[in-house]
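Visitor: This is the structure, below, for whatever I ask next.
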Amino acid sequence: MMSMALNVVPAPLSHQCRRVPGRAARLQAPALKGSRAISRRSVAVSAKIGVFYSTSTGNTEEIAEWFSDENDCEAAQDIGDIELSTLSEYDGFIIGAPTWHTGADAARSGTAWDDVLDEIAALDLSGKKAAIFGLGDSGAYGDYFCDSMEELYQTFKSAGCEIVGQTPTDGYTFTDSKSVIDGKFIGCPFDSDNEADMSEERYAAFITTLKADGLIPA
Ligand SMILES: Cc1cc2nc3c(=O)[nH]c(=O)nc-3n(C[C@H](O)[C@H](O)[C@H](O)COP(=O)(O)O)c2cc1C
């Protein structure tokens, strides 16, 4: 008798779907141990990607909205406006912060992020991917360019997230940044003060990376 067992195979976030076996594929698939077969018929189930930011003068909010508007992500929200416990409802995150507390070791963004980092670090967000972007000024603050991205990195890593979206430093002019680890930015820096004309190109390259890293649908 033919087995009618339904096999649910977890798909990477990039596929944005949960696969359910179909007859044709079951017939084509090689026999698997225990008569389990993988199907190509799928039922789309969107992953819920949250976009969270904070801002003082609006630059980070503007870029955050690009992510929400174009990538099937949830509407961008100020991290200061949400219940932090709701973060566990998301499958992945795109998070952004400006840097304002020049040279500071802690509370580098000078925004709502500073008040919630410890609480987020204590959450269990394991199994979720997070990508980081930052706003800074590589001219006037080139010794501390986008330093606050690294705080988001440590915080979401402590909560168990896999951080994706590492970005080459090529094309940026700066002296130092706490957000460079192993020769790459741990996320994508933007400089709306001096290089606003490069933001779209940087955004597009970052989106390509996030698709390759499986955070957003390819
Ligand atoms: C007083 C002051 C301090 C700043 N400190 C830094 C800094 O340490 N590193 C950096 O990259 N940018 C620094 N900036 C630049 C801001 O991060 C940048 O203007 C950013 O776009 C602001 O984003 P927001 O509009 O989302 O707040 C500073 C700007 C000011 C006015």
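Just remember, in the structure tokens the first chain shown is A, the second B, etc., residues are 1-based per chain, and ligands are 1-based in the order shown.
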Using only C-alpha atoms and all ligand atoms, what are the residues with an atom within 9 Å of ligand 1, set out as number ranges by chain?
Guide: A: 53-63, 96-104, 108-111, 134-148, 177, 189-193
Visitor: The selected residues should be written to file as a short mmCIF file (atom, residue, chain, number, x, y, z; two decimals), in the first residue's frame (atoms: C-alpha atoms).
Guide:
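This is the output file out.cif:
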```cif
data_model
loop_
_atom_site.label_atom_id
_atom_site.label_comp_id
_atom_site.auth_asym_id
_atom_site.auth_seq_id
_atom_site.Cartn_x
_atom_site.Cartn_y
_atom_site.Cartn_z
CA TYR A 53 15.29 51.21 14.04
CA SER A 54 15.79 54.28 16.15
CA THR A 55 16.66 57.78 15.04
CA SER A 56 17.36 61.32 16.18
CA THR A 57 17.06 63.26 12.95
CA GLY A 58 15.28 60.80 10.65
CA ASN A 59 18.10 59.36 8.52
CA THR A 60 17.91 55.85 9.97
CA GLU A 61 14.12 55.83 9.71
CA GLU A 62 14.34 56.70 6.03
CA ILE A 63 16.60 53.74 5.21
CA GLY A 96 19.32 49.86 12.22
CA ALA A 97 20.82 52.53 14.44
CA PRO A 98 22.66 55.83 14.08
CA THR A 99 25.81 56.58 16.07
CA TRP A 100 25.72 59.72 18.20
CA HIS A 101 27.72 59.09 21.36
CA THR A 102 31.09 59.62 19.73
CA GLY A 103 33.73 57.25 21.06
CA ALA A 104 31.50 55.83 23.78
CA ARG A 108 26.56 54.53 21.32
CA SER A 109 23.41 55.34 19.38
CA GLY A 110 22.09 57.98 21.76
CA THR A 111 18.60 56.76 20.94
CA GLY A 134 23.92 51.84 10.58
CA LEU A 135 23.92 55.57 9.92
CA GLY A 136 27.02 57.61 10.54
CA ASP A 137 29.27 60.38 9.32
CA SER A 138 32.51 59.04 7.86
CA GLY A 139 33.92 62.57 7.45
CA ALA A 140 33.46 64.35 10.76
CA TYR A 141 33.36 61.15 12.83
CA GLY A 142 35.66 58.91 10.78
CA ASP A 143 37.38 57.52 13.89
CA TYR A 144 34.10 56.11 15.16
CA PHE A 145 32.24 55.42 11.95
CA CYS A 146 28.93 53.70 12.63
CA ASP A 147 30.21 52.30 15.95
CA SER A 148 26.73 51.53 17.21
CA SER A 177 35.10 51.65 13.32
CA PRO A 189 26.84 51.43 6.94
CA PHE A 190 25.15 54.41 5.31
CA ASP A 191 26.39 58.00 5.36
CA SER A 192 23.51 60.34 4.59
CA ASP A 193 25.57 63.36 5.63
#
```
Visitor: What does the distance between CA of Pro217 in chain A and CA of Val180 in chain A come to in Å, to one decimal place?
Guide: 26.4 Å
Visitor: Figure out the distance between CA of Ala112 in chain A and CA of Ile216 in chain A, please, to one decimal in Å.
Guide: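 Computing it gives 25.7 Å between the two atoms.
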Visitor: Distance CA of Gly183 in chain A-CA of Asn71 in chain A, one decimal place?
Guide: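 CA of Asn71 in chain A lies 27.9 Å from CA of Gly183 in chain A.
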Visitor: Write out as a ChimeraX atom specification all residues of range 101-201 of chain A that DSSP puts in strand (DSSP E or B) for this structure's backbone.
Guide: /A:129-135,162-164,167-168,180-181,184-185,188-190
Visitor: Which of these residues is nearest to Ala205 in chain A, using only C-alpha atoms: A:Tyr172, A:Ala106, A:Glu65, A:Gly165?
Guide: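 Smallest distance to Ala205 in chain A is found for A:Gly165.
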Visitor: Neighbouring residues of Ile49 in chain A were defined as those with any atom within 6 Å, considering only C-alpha atoms; residues of the same chain fewer than 2 positions away were excluded. Please report them as a ChimeraX atom specification.
Guide: /A:73-74,90-93
Visitor: Name the closest residue to Leu87 in chain A among the candidates A:Asp114, A:Glu200, A:Asp213, A:Glu119; distances are taken between atoms, counting only C-alpha atoms.
Guide: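 Of all the options, A:Glu119 lies closest to Leu87 in chain A.
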